[in-house]
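Q: Got a structure for you, written out below as structure tokens; questions coming shortly.
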Amino acid sequence: MTDLFAKYDVPAPRYTSYPTVPFWTDSPTTGQWIEHLQRAFADEAATWSLYFHLPFCESLCTFCACNTVITRDHGRETGYVDLLSTEWNLYLESVPALIERPLLGVHLGGGTPTFFAKENLERILKPILYRAKIDEARFEASVEVHPGHTTRQQLEMLHDLGFTRISIGVQDFDPEVQRLVNRHQPYEVTKSITDISRELGYTSVNYDLIYGLPRQNPDRFRETVQKTIALRPDRIALYSFARVPWIKPAQRSYKDEDLPVAGEKRALYESARELLDTAGYVEIGMDHFALPHDGMAAAQRQGTLHRNFQGYTETRTTVLLGLGVSAISETPTCFHQNEKAFPVYERRVRNSEIPTLRGHLLTKEDRDLREQILQFMTRFKVRLTDDQAEDARSFLRPMIEDGLVEVSNGTLQLTEKGTPFLRNACMFFDRRLRSQEQKPQVFSQAL
């Protein structure tokens, strides 16, 4: 397998969307985006979910590739809450059917959502949750937290508003790795927030772990996984470190010799996978694990597992609406992203504009390929069209010969051996990527 890891460790998209963001071409105007939203919500069967991007962090974790604003000035919270309120009201004015359709989910991401004081989190959420048509039977609300910047009072308030899921950024418990990535986070602090969450009634606790960080080695990463298992989170996201120094210059602080790559990096994952399997966790999709009782495991069993800009999710909604700087939204026919530069986002929202930066109007081919990629990413098996089968045998010949995928009876199937190479296999469907004669490195390594 070591040779295979070296062979297939090439830049590849994560396929949280198709087309992937670097290949968005037909960008909608704000007017077109609103038209696509109105069209989606005109369907009485439409459902939607809501994502808030809360970008502030007190310090920079150097591994992070998210769009963040580093500040210790908590006075900035109030102004940002006002911006979110204005943006929300702009959507209500343009798409009044929004509050007539069932809201199935809310997610607070960042940044560090719990950078915001309890009162400001309430100001963000209450005006929307009290007006929205919430489907109580299917509604799920989740929040990402840094355990060192989270209080019982915040978690109590969120739970009172219907939040039942919490995602805790751990990455690695090893103090040396934490020092190198600038994230001081003692084990006891993570345990405390985990215990408080369960005491308050949160029904699903997720830990984010990252493999491939500087100075990680199999023995020390096994210790991190063993400590994780001891705390028994309901689900675990085990992400490959996405090294993109051309996007995030802070990652240039790592020495190449300190970073595990290819087979060495994948060995960290396989070691963790073995421990998690022994502890009763079920592998979900590409980089998630869950205990059998968790909703993510149930969604995989029932064939309803979904993937969007947040990664794997239990529920698919017609519309994902993103609020906040750089937030991404989607309808069945359109992607939309807000301004990424904070001053530009702020200026445009204060001018009562929906802060469109870019997006993509999906063609019929885009939509068809998107569905195939989604099915392959969630079920590892997908039907091919009549004109795809021969192309698949040609494009995927190396993977077929290596026993990683199979093409037979009009179906593309990922083998158990091929699981680590899912992103590579998905590239077959990526017509936009394949059409590029020169492929500049805009994606992280596949493994």
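Ligands are numbered from 1 in the order shown, residues from 1 within each chain, and chains are lettered A, B, ... in the order they appear in the structure tokens.
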Give one line per residue of region 258-360 of chain A that approaches region 197-220 of chain A to at most 6 Å, naming the two atoms of the closest pair and their distance in Å to one decimal, counting only C-alpha atoms; sort by chain then ascending residue number and deliver it as JSON lines.
A:
```
{"residue": "A:Asp258", "atom": "CA", "partner": "A:Pro214", "partner_atom": "CA", "distance": 5.0}
{"residue": "A:Leu259", "atom": "CA", "partner": "A:Pro214", "partner_atom": "CA", "distance": 4.7}
{"residue": "A:Pro260", "atom": "CA", "partner": "A:Gly212", "partner_atom": "CA", "distance": 5.5}
{"residue": "A:Lys265", "atom": "CA", "partner": "A:Gly212", "partner_atom": "CA", "distance": 5.4}
{"residue": "A:Leu268", "atom": "CA", "partner": "A:Pro218", "partner_atom": "CA", "distance": 5.5}
```
Q: I need the residues in region 33-245 of chain A that are alpha helix (DSSP H) according to DSSP; give them as a PyMOL selection string.
A: chain A and resi 33-41+76-94+118-129+152-160+175-180+187-200+218-231
Q: Pull C-alpha atoms from the residues just selected and write them as a CSV table (one decimal), in the first residue's frame.
A:
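As a result, part.csv now contains:
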```csv
chain,number,residue,atom,x,y,z
A,33,TRP,CA,-29.3,34.5,-7.1
A,34,ILE,CA,-32.5,35.8,-5.6
A,35,GLU,CA,-34.4,34.5,-8.6
A,36,HIS,CA,-33.0,31.0,-8.0
A,37,LEU,CA,-33.9,31.2,-4.3
A,38,GLN,CA,-37.4,32.3,-5.1
A,39,ARG,CA,-37.7,29.4,-7.6
A,40,ALA,CA,-36.5,26.9,-5.0
A,41,PHE,CA,-38.9,28.2,-2.3
A,76,ARG,CA,-16.6,43.9,17.5
A,77,GLU,CA,-19.3,41.4,18.3
A,78,THR,CA,-22.1,43.9,18.4
A,79,GLY,CA,-21.4,45.3,15.0
A,80,TYR,CA,-21.2,41.9,13.4
A,81,VAL,CA,-24.5,40.8,15.0
A,82,ASP,CA,-26.0,43.9,13.4
A,83,LEU,CA,-24.6,42.9,10.0
A,84,LEU,CA,-26.1,39.4,10.3
A,85,SER,CA,-29.5,40.9,11.2
A,86,THR,CA,-29.4,43.3,8.2
A,87,GLU,CA,-28.4,40.5,5.9
A,88,TRP,CA,-31.2,38.2,7.2
A,89,ASN,CA,-33.8,41.0,6.8
A,90,LEU,CA,-32.6,41.6,3.2
A,91,TYR,CA,-33.4,38.0,2.4
A,92,LEU,CA,-36.8,38.2,4.1
A,93,GLU,CA,-37.7,41.2,2.0
A,94,SER,CA,-36.6,39.5,-1.2
A,118,LYS,CA,-24.1,34.5,25.3
A,119,GLU,CA,-26.1,37.6,24.8
A,120,ASN,CA,-24.8,38.2,21.3
A,121,LEU,CA,-25.4,34.6,20.3
A,122,GLU,CA,-29.0,35.1,21.5
A,123,ARG,CA,-29.3,38.2,19.4
A,124,ILE,CA,-28.2,36.3,16.3
A,125,LEU,CA,-30.5,33.3,16.8
A,126,LYS,CA,-33.7,34.4,18.5
A,127,PRO,CA,-35.2,36.7,15.9
A,128,ILE,CA,-34.8,34.0,13.3
A,129,LEU,CA,-35.7,30.9,15.3
A,152,ARG,CA,-21.6,26.6,30.5
A,153,GLN,CA,-23.8,29.7,30.1
A,154,GLN,CA,-23.3,29.8,26.4
A,155,LEU,CA,-24.1,26.1,26.1
A,156,GLU,CA,-27.2,26.3,28.3
A,157,MET,CA,-28.6,29.2,26.2
A,158,LEU,CA,-28.0,27.3,23.0
A,159,HIS,CA,-29.6,24.2,24.3
A,160,ASP,CA,-32.6,26.2,25.4
A,175,PRO,CA,1.5,19.3,23.6
A,176,GLU,CA,4.3,19.6,21.1
A,177,VAL,CA,1.9,19.4,18.1
A,178,GLN,CA,-0.3,21.9,19.8
A,179,ARG,CA,2.6,24.3,20.3
A,180,LEU,CA,3.6,24.0,16.6
A,187,TYR,CA,-7.0,17.4,27.7
A,188,GLU,CA,-8.8,18.4,30.9
A,189,VAL,CA,-10.4,21.4,29.2
A,190,THR,CA,-11.8,19.3,26.4
A,191,LYS,CA,-13.1,16.7,28.9
A,192,SER,CA,-14.8,19.5,30.9
A,193,ILE,CA,-16.7,20.9,28.0
A,194,THR,CA,-17.7,17.3,26.9
A,195,ASP,CA,-19.0,16.5,30.3
A,196,ILE,CA,-20.9,19.8,30.6
A,197,SER,CA,-22.5,19.3,27.1
A,198,ARG,CA,-23.8,15.9,28.1
A,199,GLU,CA,-25.0,17.1,31.5
A,200,LEU,CA,-27.0,19.8,29.7
A,218,PRO,CA,2.1,6.9,14.9
A,219,ASP,CA,2.8,6.4,18.6
A,220,ARG,CA,1.9,9.9,19.8
A,221,PHE,CA,-1.2,10.1,17.5
A,222,ARG,CA,-2.4,6.7,18.8
A,223,GLU,CA,-2.3,8.4,22.3
A,224,THR,CA,-4.5,11.2,21.0
A,225,VAL,CA,-7.0,8.6,19.6
A,226,GLN,CA,-6.9,6.6,22.7
A,227,LYS,CA,-7.7,9.7,24.8
A,228,THR,CA,-10.5,10.5,22.4
A,229,ILE,CA,-12.0,7.1,22.7
A,230,ALA,CA,-11.8,7.3,26.5
A,231,LEU,CA,-14.1,10.4,26.3
```
Q: Nearest to Ala237 (chain A): which of A:Ala137, A:Ala279, A:Leu60, A:Ile284 is it, counting only C-alpha atoms?
A: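 Smallest separation from Ala237 (chain A) among the options: A:Ile284.
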Q: Find the spatial neighbours of region 285-292 of chain A, counting only C-alpha atoms, within a cut-off of 6 Å - ignore same-chain residues fewer than 3 positions away - and output them as a list in words.
A: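 Result of the neighbour search: Asp234, Arg235, Ile236, Ala237, Leu238, Tyr239, Tyr281, Val282, Ala297 and Thr378 of chain A.
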Q: As a ChimeraX atom specification, please: all residues of region 12-235 of chain A that backbone DSSP puts in strand (DSSP E or B).
A: /A:48-54,56-57,69-70,102-110,133-134,140-145,165-171,204-211,235
Q: Using N, CA and C atoms, can you write the selected residues to a file as a compact mmCIF listing (two decimals), in the first residue's frame?
A:
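The file below, again37.txt, is the result:
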```
# COMPACT_ATOMS: atom_id res chain seq x y z
N TRP A 48 -35.22 23.89 4.15
CA TRP A 48 -33.97 24.66 4.12
C TRP A 48 -33.21 24.52 5.43
N SER A 49 -31.94 24.82 5.34
CA SER A 49 -31.07 24.86 6.52
C SER A 49 -30.30 26.17 6.49
N LEU A 50 -29.79 26.54 7.64
CA LEU A 50 -29.18 27.86 7.81
C LEU A 50 -27.79 27.72 8.39
N TYR A 51 -26.83 28.40 7.78
CA TYR A 51 -25.46 28.39 8.26
C TYR A 51 -25.03 29.82 8.57
N PHE A 52 -24.46 30.02 9.75
CA PHE A 52 -23.88 31.31 10.14
C PHE A 52 -22.36 31.17 10.17
N HIS A 53 -21.67 32.06 9.45
CA HIS A 53 -20.22 32.09 9.57
C HIS A 53 -19.84 33.17 10.56
N LEU A 54 -19.28 32.74 11.70
CA LEU A 54 -18.86 33.65 12.77
C LEU A 54 -17.33 33.62 12.79
N PHE A 56 -14.63 35.33 14.01
CA PHE A 56 -13.62 35.83 14.95
C PHE A 56 -12.94 34.72 15.74
N CYS A 57 -11.62 34.85 15.90
CA CYS A 57 -10.81 33.99 16.77
C CYS A 57 -9.83 34.88 17.52
N VAL A 69 -11.07 36.07 11.25
CA VAL A 69 -10.63 37.41 11.63
C VAL A 69 -10.01 37.27 13.02
N ILE A 70 -8.71 37.54 13.13
CA ILE A 70 -8.01 37.37 14.40
C ILE A 70 -8.07 38.67 15.19
N PRO A 102 -40.33 24.66 5.89
CA PRO A 102 -39.74 24.09 7.11
C PRO A 102 -38.23 24.29 7.19
N LEU A 103 -37.79 24.79 8.33
CA LEU A 103 -36.36 24.91 8.64
C LEU A 103 -35.94 23.63 9.35
N LEU A 104 -34.98 22.92 8.75
CA LEU A 104 -34.57 21.62 9.30
C LEU A 104 -33.27 21.67 10.08
N GLY A 105 -32.48 22.75 9.90
CA GLY A 105 -31.20 22.76 10.60
C GLY A 105 -30.57 24.12 10.68
N VAL A 106 -29.77 24.31 11.73
CA VAL A 106 -28.97 25.52 11.92
C VAL A 106 -27.58 25.08 12.34
N HIS A 107 -26.57 25.70 11.76
CA HIS A 107 -25.20 25.39 12.13
C HIS A 107 -24.41 26.67 12.33
N LEU A 108 -23.72 26.77 13.46
CA LEU A 108 -22.83 27.90 13.73
C LEU A 108 -21.40 27.44 13.51
N GLY A 109 -20.72 28.06 12.52
CA GLY A 109 -19.35 27.68 12.21
C GLY A 109 -18.45 28.90 12.23
N GLY A 110 -17.16 28.65 12.08
CA GLY A 110 -16.25 29.77 12.21
C GLY A 110 -14.93 29.56 11.51
N LYS A 133 -40.42 28.61 10.45
CA LYS A 133 -41.30 27.46 10.59
C LYS A 133 -40.43 26.23 10.85
N ILE A 134 -40.24 25.91 12.10
CA ILE A 134 -39.32 24.84 12.48
C ILE A 134 -40.05 23.50 12.49
N GLU A 140 -32.45 20.02 13.60
CA GLU A 140 -31.19 19.79 14.32
C GLU A 140 -30.37 21.07 14.28
N ALA A 141 -29.80 21.41 15.41
CA ALA A 141 -28.97 22.60 15.49
C ALA A 141 -27.64 22.23 16.12
N SER A 142 -26.54 22.72 15.53
CA SER A 142 -25.21 22.35 16.00
C SER A 142 -24.31 23.57 16.05
N VAL A 143 -23.28 23.48 16.87
CA VAL A 143 -22.35 24.58 17.04
C VAL A 143 -20.92 24.04 17.13
N GLU A 144 -19.99 24.73 16.47
CA GLU A 144 -18.57 24.41 16.60
C GLU A 144 -17.99 25.23 17.74
N VAL A 145 -17.16 24.59 18.58
CA VAL A 145 -16.60 25.33 19.72
C VAL A 145 -15.11 25.03 19.87
N ARG A 165 -26.42 19.38 19.23
CA ARG A 165 -25.15 18.84 18.73
C ARG A 165 -24.04 19.85 18.94
N ILE A 166 -22.90 19.36 19.35
CA ILE A 166 -21.74 20.21 19.57
C ILE A 166 -20.53 19.57 18.91
N SER A 167 -19.74 20.37 18.22
CA SER A 167 -18.53 19.89 17.57
C SER A 167 -17.33 20.58 18.20
N ILE A 168 -16.46 19.80 18.80
CA ILE A 168 -15.33 20.33 19.55
C ILE A 168 -14.05 20.15 18.74
N GLY A 169 -13.37 21.25 18.48
CA GLY A 169 -12.10 21.19 17.79
C GLY A 169 -11.01 20.68 18.73
N VAL A 170 -10.48 19.51 18.44
CA VAL A 170 -9.41 18.92 19.25
C VAL A 170 -8.11 18.94 18.46
N GLN A 171 -8.12 18.37 17.27
CA GLN A 171 -6.98 18.26 16.34
C GLN A 171 -5.94 17.26 16.85
N SER A 204 -25.42 14.67 20.84
CA SER A 204 -24.33 14.24 19.96
C SER A 204 -23.14 15.16 20.15
N VAL A 205 -22.03 14.57 20.53
CA VAL A 205 -20.77 15.30 20.71
C VAL A 205 -19.81 14.82 19.63
N ASN A 206 -19.28 15.76 18.84
CA ASN A 206 -18.32 15.44 17.80
C ASN A 206 -16.95 15.99 18.17
N TYR A 207 -15.89 15.23 17.86
CA TYR A 207 -14.52 15.73 17.97
C TYR A 207 -13.93 15.82 16.57
N ASP A 208 -13.27 16.93 16.29
CA ASP A 208 -12.46 17.05 15.07
C ASP A 208 -11.02 16.69 15.40
N LEU A 209 -10.48 15.72 14.69
CA LEU A 209 -9.06 15.38 14.77
C LEU A 209 -8.43 15.61 13.41
N ILE A 210 -7.15 15.92 13.38
CA ILE A 210 -6.45 16.12 12.11
C ILE A 210 -5.19 15.26 12.10
N TYR A 211 -5.00 14.51 11.03
CA TYR A 211 -3.75 13.76 10.86
C TYR A 211 -2.92 14.40 9.76
N ARG A 235 -19.43 11.03 17.60
CA ARG A 235 -18.88 10.97 16.25
C ARG A 235 -17.53 11.66 16.22
```
Q: Report as a count of residues only all protein, DNA and RNA residues lying within 7 Å of Val181 (chain A), evaluated on only C-alpha atoms, omitting residues in the same chain fewer than 4 positions from it.
A: 4
Q: Find the residues near Val21 (chain A): any atom within 12 Å, counting only C-alpha atoms, skip ones fewer than 4 places away on the same chain, and give them as a VMD selection string.
A: chain A and resid 13 to 17 25 to 27 309 328 335 to 337 358 to 361 432 to 433 442 to 443
Q: Considering only C-alpha atoms, state which residue in the set A:Asp3, A:Asp9, A:Asp73, A:Asp430 is at the smallest distance from Ala262 (chain A).
A: A:Asp9
Q: Point out the residue among A:Pro245, A:Gln32, A:Thr411, A:Ile373 with the least atom-to-atom distance to Thr356 (chain A), counting only C-alpha atoms.
A: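 That would be A:Gln32, the residue with the smallest distance to Thr356 (chain A).
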Q: Which residue is closest to Leu412 (chain A)? Choose from A:Leu357, A:Pro147, A:Pro398, A:Arg393 and count only C-alpha atoms.
A: A:Arg393
Q: Neighbours of Glu346 (chain A) within 9 Å (only C-alpha atoms; same-chain residues fewer than 4 positions away dropped), as a ChimeraX atom specification?
A: /A:80,83,325,339,341-342,350-351,355
Q: Given the selection you just returned, output its residues as a file containing N, CA and C atoms, formatted as an mmCIF file, in the first residue's frame.
A:
```
data_model
loop_
_atom_site.group_PDB
_atom_site.id
_atom_site.type_symbol
_atom_site.label_atom_id
_atom_site.label_comp_id
_atom_site.auth_asym_id
_atom_site.auth_seq_id
_atom_site.Cartn_x
_atom_site.Cartn_y
_atom_site.Cartn_z
ATOM 1 N N TYR A 80 -21.027 43.017 14.295
ATOM 2 C CA TYR A 80 -21.207 41.866 13.408
ATOM 3 C C TYR A 80 -22.613 41.291 13.552
ATOM 4 N N LEU A 83 -24.779 43.259 11.410
ATOM 5 C CA LEU A 83 -24.625 42.902 9.999
ATOM 6 C C LEU A 83 -25.426 41.653 9.656
ATOM 7 N N VAL A 325 -19.766 36.821 6.591
ATOM 8 C CA VAL A 325 -18.667 37.003 5.660
ATOM 9 C C VAL A 325 -18.213 35.656 5.099
ATOM 10 N N GLU A 339 -19.096 38.042 0.050
ATOM 11 C CA GLU A 339 -17.770 38.672 0.044
ATOM 12 C C GLU A 339 -16.880 38.051 1.113
ATOM 13 N N ALA A 341 -13.661 39.367 1.901
ATOM 14 C CA ALA A 341 -12.922 40.420 2.592
ATOM 15 C C ALA A 341 -13.869 41.114 3.571
ATOM 16 N N PHE A 342 -13.524 41.096 4.850
ATOM 17 C CA PHE A 342 -14.446 41.607 5.873
ATOM 18 C C PHE A 342 -14.859 43.056 5.624
ATOM 19 N N ARG A 350 -23.964 47.129 5.063
ATOM 20 C CA ARG A 350 -24.421 48.419 5.621
ATOM 21 C C ARG A 350 -25.108 49.268 4.550
ATOM 22 N N ASN A 351 -24.794 49.017 3.291
ATOM 23 C CA ASN A 351 -25.468 49.705 2.189
ATOM 24 C C ASN A 351 -26.726 48.958 1.745
ATOM 25 N N PRO A 355 -24.394 40.701 -0.115
ATOM 26 C CA PRO A 355 -22.980 40.889 -0.486
ATOM 27 C C PRO A 355 -22.416 39.808 -1.406
#
```
